[in-house]
>>> print(open('structure_8.txt').read())   # compact mmCIF, N, CA and C atoms
# COMPACT_ATOMS: atom_id res chain seq x y z
N MET A 1 121.48 -68.00 40.81
CA MET A 1 121.11 -67.19 41.95
C MET A 1 122.34 -66.51 42.55
N TRP A 2 123.44 -67.23 42.68
CA TRP A 2 124.65 -66.66 43.26
C TRP A 2 125.17 -65.50 42.42
N ASP A 3 125.01 -65.55 41.10
CA ASP A 3 125.44 -64.46 40.24
C ASP A 3 124.65 -63.18 40.54
N ILE A 4 123.38 -63.31 40.81
CA ILE A 4 122.55 -62.15 41.15
C ILE A 4 122.99 -61.54 42.47
N VAL A 5 123.27 -62.37 43.46
CA VAL A 5 123.70 -61.90 44.77
C VAL A 5 125.05 -61.18 44.66
N GLN A 6 125.97 -61.68 43.87
CA GLN A 6 127.27 -61.05 43.71
C GLN A 6 127.17 -59.67 43.06
N ARG A 7 126.20 -59.46 42.19
CA ARG A 7 126.03 -58.16 41.55
C ARG A 7 125.59 -57.08 42.54
N PHE A 8 124.95 -57.46 43.62
CA PHE A 8 124.54 -56.49 44.63
C PHE A 8 125.72 -55.83 45.32
N ALA A 9 126.85 -56.52 45.42
CA ALA A 9 128.03 -55.98 46.09
C ALA A 9 128.57 -54.75 45.37
N SER A 10 128.43 -54.67 44.07
CA SER A 10 128.95 -53.53 43.32
C SER A 10 127.86 -52.52 42.95
N ALA A 11 126.63 -52.74 43.39
CA ALA A 11 125.53 -51.84 43.05
C ALA A 11 125.62 -50.55 43.87
N LYS A 12 125.27 -49.43 43.24
CA LYS A 12 125.21 -48.15 43.94
C LYS A 12 123.74 -47.83 44.18
N VAL A 13 123.43 -47.52 45.43
CA VAL A 13 122.05 -47.31 45.83
C VAL A 13 121.94 -45.95 46.51
N ALA A 14 120.92 -45.18 46.18
CA ALA A 14 120.63 -43.92 46.86
C ALA A 14 119.42 -44.12 47.76
N ILE A 15 119.56 -43.72 49.01
CA ILE A 15 118.47 -43.82 49.97
C ILE A 15 117.97 -42.41 50.24
N ILE A 16 116.71 -42.20 49.92
CA ILE A 16 116.11 -40.88 50.12
C ILE A 16 115.06 -41.01 51.20
N GLY A 17 115.19 -40.20 52.22
CA GLY A 17 114.22 -40.27 53.31
C GLY A 17 114.66 -39.42 54.48
N ASP A 18 114.02 -39.61 55.58
CA ASP A 18 114.30 -38.82 56.76
C ASP A 18 115.36 -39.50 57.63
N LEU A 19 116.15 -38.67 58.28
CA LEU A 19 117.18 -39.15 59.20
C LEU A 19 116.61 -39.01 60.61
N MET A 20 116.44 -40.12 61.28
CA MET A 20 115.85 -40.11 62.62
C MET A 20 116.75 -40.85 63.60
N LEU A 21 116.53 -40.60 64.86
CA LEU A 21 117.26 -41.29 65.91
C LEU A 21 116.23 -41.89 66.86
N ASP A 22 116.24 -43.21 67.02
CA ASP A 22 115.31 -43.89 67.92
C ASP A 22 116.00 -44.11 69.26
N ILE A 23 115.31 -43.76 70.33
CA ILE A 23 115.85 -43.94 71.68
C ILE A 23 114.91 -44.87 72.44
N TYR A 24 115.45 -45.98 72.91
CA TYR A 24 114.70 -46.95 73.69
C TYR A 24 115.15 -46.87 75.14
N ILE A 25 114.21 -46.63 76.03
CA ILE A 25 114.50 -46.51 77.45
C ILE A 25 113.87 -47.69 78.17
N GLN A 26 114.66 -48.35 79.01
CA GLN A 26 114.15 -49.43 79.84
C GLN A 26 114.25 -48.98 81.29
N GLY A 27 113.25 -49.33 82.07
CA GLY A 27 113.28 -48.92 83.46
C GLY A 27 112.23 -49.64 84.28
N ASP A 28 112.13 -49.20 85.51
CA ASP A 28 111.18 -49.77 86.47
C ASP A 28 110.12 -48.74 86.80
N VAL A 29 108.89 -49.19 86.94
CA VAL A 29 107.78 -48.32 87.34
C VAL A 29 107.44 -48.66 88.79
N ASN A 30 107.54 -47.64 89.66
CA ASN A 30 107.22 -47.84 91.07
C ASN A 30 105.89 -47.23 91.46
N ARG A 31 105.45 -46.22 90.69
CA ARG A 31 104.19 -45.57 91.05
C ARG A 31 103.58 -44.91 89.82
N VAL A 32 102.36 -44.43 89.98
CA VAL A 32 101.65 -43.71 88.94
C VAL A 32 101.50 -42.27 89.41
N SER A 33 101.68 -41.32 88.49
CA SER A 33 101.58 -39.91 88.83
C SER A 33 100.19 -39.57 89.38
N PRO A 34 100.12 -38.77 90.45
CA PRO A 34 98.80 -38.41 90.99
C PRO A 34 98.05 -37.41 90.11
N GLU A 35 98.76 -36.66 89.25
CA GLU A 35 98.11 -35.65 88.40
C GLU A 35 97.45 -36.27 87.17
N ALA A 36 98.00 -37.35 86.66
CA ALA A 36 97.48 -37.99 85.46
C ALA A 36 97.82 -39.47 85.52
N PRO A 37 97.11 -40.29 84.77
CA PRO A 37 97.42 -41.73 84.78
C PRO A 37 98.66 -42.04 83.94
N VAL A 38 99.81 -41.55 84.42
CA VAL A 38 101.08 -41.71 83.72
C VAL A 38 102.06 -42.41 84.66
N PRO A 39 102.68 -43.50 84.22
CA PRO A 39 103.65 -44.16 85.07
C PRO A 39 104.93 -43.34 85.23
N ILE A 40 105.49 -43.33 86.42
CA ILE A 40 106.77 -42.68 86.69
C ILE A 40 107.84 -43.76 86.55
N VAL A 41 108.76 -43.56 85.58
CA VAL A 41 109.75 -44.58 85.24
C VAL A 41 111.12 -44.16 85.76
N ARG A 42 111.79 -45.10 86.44
CA ARG A 42 113.18 -44.90 86.84
C ARG A 42 114.03 -45.57 85.77
N ARG A 43 114.81 -44.76 85.05
CA ARG A 43 115.59 -45.27 83.92
C ARG A 43 116.69 -46.20 84.40
N VAL A 44 116.74 -47.38 83.79
CA VAL A 44 117.77 -48.38 84.08
C VAL A 44 118.81 -48.40 82.97
N SER A 45 118.33 -48.37 81.71
CA SER A 45 119.25 -48.36 80.58
C SER A 45 118.63 -47.62 79.41
N GLU A 46 119.48 -47.23 78.47
CA GLU A 46 119.03 -46.49 77.30
C GLU A 46 119.82 -46.98 76.10
N ARG A 47 119.12 -47.15 74.97
CA ARG A 47 119.76 -47.60 73.74
C ARG A 47 119.38 -46.64 72.62
N VAL A 48 120.37 -46.13 71.90
CA VAL A 48 120.14 -45.19 70.81
C VAL A 48 120.55 -45.87 69.50
N VAL A 49 119.61 -45.92 68.55
CA VAL A 49 119.85 -46.59 67.26
C VAL A 49 119.33 -45.70 66.14
N PRO A 50 119.88 -45.86 64.92
CA PRO A 50 119.36 -45.08 63.81
C PRO A 50 117.93 -45.51 63.46
N GLY A 51 117.12 -44.55 63.03
CA GLY A 51 115.74 -44.85 62.66
C GLY A 51 115.43 -44.24 61.30
N GLY A 52 114.25 -44.51 60.79
CA GLY A 52 113.84 -43.98 59.49
C GLY A 52 114.74 -44.48 58.38
N ALA A 53 115.12 -43.58 57.47
CA ALA A 53 115.99 -43.96 56.35
C ALA A 53 117.40 -44.30 56.84
N ALA A 54 117.80 -43.76 58.00
CA ALA A 54 119.12 -44.10 58.55
C ALA A 54 119.20 -45.57 58.93
N ASN A 55 118.08 -46.14 59.35
CA ASN A 55 118.03 -47.58 59.66
C ASN A 55 118.26 -48.40 58.41
N VAL A 56 117.65 -47.97 57.30
CA VAL A 56 117.82 -48.68 56.04
C VAL A 56 119.27 -48.60 55.58
N ALA A 57 119.88 -47.42 55.74
CA ALA A 57 121.27 -47.23 55.32
C ALA A 57 122.22 -48.07 56.17
N ALA A 58 121.91 -48.19 57.45
CA ALA A 58 122.78 -48.95 58.35
C ALA A 58 122.70 -50.43 58.02
>>> encode(input="structure_8.txt", output="C-alpha cells")
Amino acid sequence: MWDIVQRFASAKVAIIGDLMLDIYIQGDVNRVSPEAPVPIVRRVSERVVPGGAANVAA
C-alpha cells in the first residue's frame, strides 16, 4: 500500500473544469425587508476560498 501512495507524489495530473471563487459571508440579521421576505444582513466577516475545479487543485 505504501508503494502505491509514494507513486502519487510523482504523478502528473491535469484538472479540467471551471475556475470559481466561493464567498462566505457571516453576519447578524436584525430585521426583514418590508418590500419582500428577505433578511437584511449586517456583515460581520467574509471568507473567500477557491471553488469548482480550483478547489480540487488546491
>>> atom_distance(input="structure_8.txt", atom1="atom C of Phe8 of chain A", atom2="atom CA of Ala53 of chain A")
18.9 Å
>>> residues_around(input="structure_8.txt", residues="Pro39 of chain A", least_positions_apart="3", cutoff="10 Å", atoms="only C-alpha atoms", output="PDB file with N, CA and C atoms, in the coordinates of the input")
ATOM      1  N   ASP A  28     112.130 -49.200  85.510  1.00  0.00           N
ATOM      2  CA  ASP A  28     111.180 -49.770  86.470  1.00  0.00           C
ATOM      3  C   ASP A  28     110.120 -48.740  86.800  1.00  0.00           C
ATOM      4  N   VAL A  29     108.890 -49.190  86.940  1.00  0.00           N
ATOM      5  CA  VAL A  29     107.780 -48.320  87.340  1.00  0.00           C
ATOM      6  C   VAL A  29     107.440 -48.660  88.790  1.00  0.00           C
ATOM      7  N   ASN A  30     107.540 -47.640  89.660  1.00  0.00           N
ATOM      8  CA  ASN A  30     107.220 -47.840  91.070  1.00  0.00           C
ATOM      9  C   ASN A  30     105.890 -47.230  91.460  1.00  0.00           C
ATOM     10  N   ARG A  31     105.450 -46.220  90.690  1.00  0.00           N
ATOM     11  CA  ARG A  31     104.190 -45.570  91.050  1.00  0.00           C
ATOM     12  C   ARG A  31     103.580 -44.910  89.820  1.00  0.00           C
ATOM     13  N   VAL A  32     102.360 -44.430  89.980  1.00  0.00           N
ATOM     14  CA  VAL A  32     101.650 -43.710  88.940  1.00  0.00           C
ATOM     15  C   VAL A  32     101.500 -42.270  89.410  1.00  0.00           C
ATOM     16  N   SER A  33     101.680 -41.320  88.490  1.00  0.00           N
ATOM     17  CA  SER A  33     101.580 -39.910  88.830  1.00  0.00           C
ATOM     18  C   SER A  33     100.190 -39.570  89.380  1.00  0.00           C
ATOM     19  N   PRO A  34     100.120 -38.770  90.450  1.00  0.00           N
ATOM     20  CA  PRO A  34      98.800 -38.410  90.990  1.00  0.00           C
ATOM     21  C   PRO A  34      98.050 -37.410  90.110  1.00  0.00           C
ATOM     22  N   ALA A  36      98.000 -37.350  86.660  1.00  0.00           N
ATOM     23  CA  ALA A  36      97.480 -37.990  85.460  1.00  0.00           C
ATOM     24  C   ALA A  36      97.820 -39.470  85.520  1.00  0.00           C
ATOM     25  N   ARG A  42     111.790 -45.100  86.440  1.00  0.00           N
ATOM     26  CA  ARG A  42     113.180 -44.900  86.840  1.00  0.00           C
ATOM     27  C   ARG A  42     114.030 -45.570  85.770  1.00  0.00           C
TER      28      ARG A  42
END
>>> select_by_dssp(input="structure_8.txt", residues="chain A", states="strand (DSSP E)", output="list in words")
Leu19, Met20, Leu21, Asp22, Ile23, Tyr24, Ile25, Gln26, Gly27, Asp28, Val29, Asn30, Arg31, Val32, Pro39, Ile40, Val41, Arg42, Arg43, Val44, Ser45, Glu46, Arg47, Val48, Val49, Pro50, Gly51 and Gly52 of chain A
>>> residues_around(input="structure_8.txt", residues="Arg43 of chain A", least_positions_apart="3", cutoff="6.5 Å", atoms="all atoms listed in the file", output="count of residues only")
4
>>> select_by_dssp(input="structure_8.txt", residues="chain A", states="alpha helix (DSSP H)", output="list in words")
Trp2, Asp3, Ile4, Val5, Gln6, Arg7, Phe8, Ala53, Ala54, Asn55, Val56 and Ala57 of chain A
>>> atom_distance(input="structure_8.txt", atom1="atom N of Ile16 of chain A", atom2="atom N of Val49 of chain A")
19.2 Å
>>> atom_distance(input="structure_8.txt", atom1="atom CA of Ile40 of chain A", atom2="atom CA of Asp22 of chain A")
20.7 Å
>>> residues_around(input="structure_8.txt", residues="Met20 of chain A", least_positions_apart="5", cutoff="8 Å", atoms="only C-alpha atoms", output="PyMOL selection string")
chain A and resi 50-54
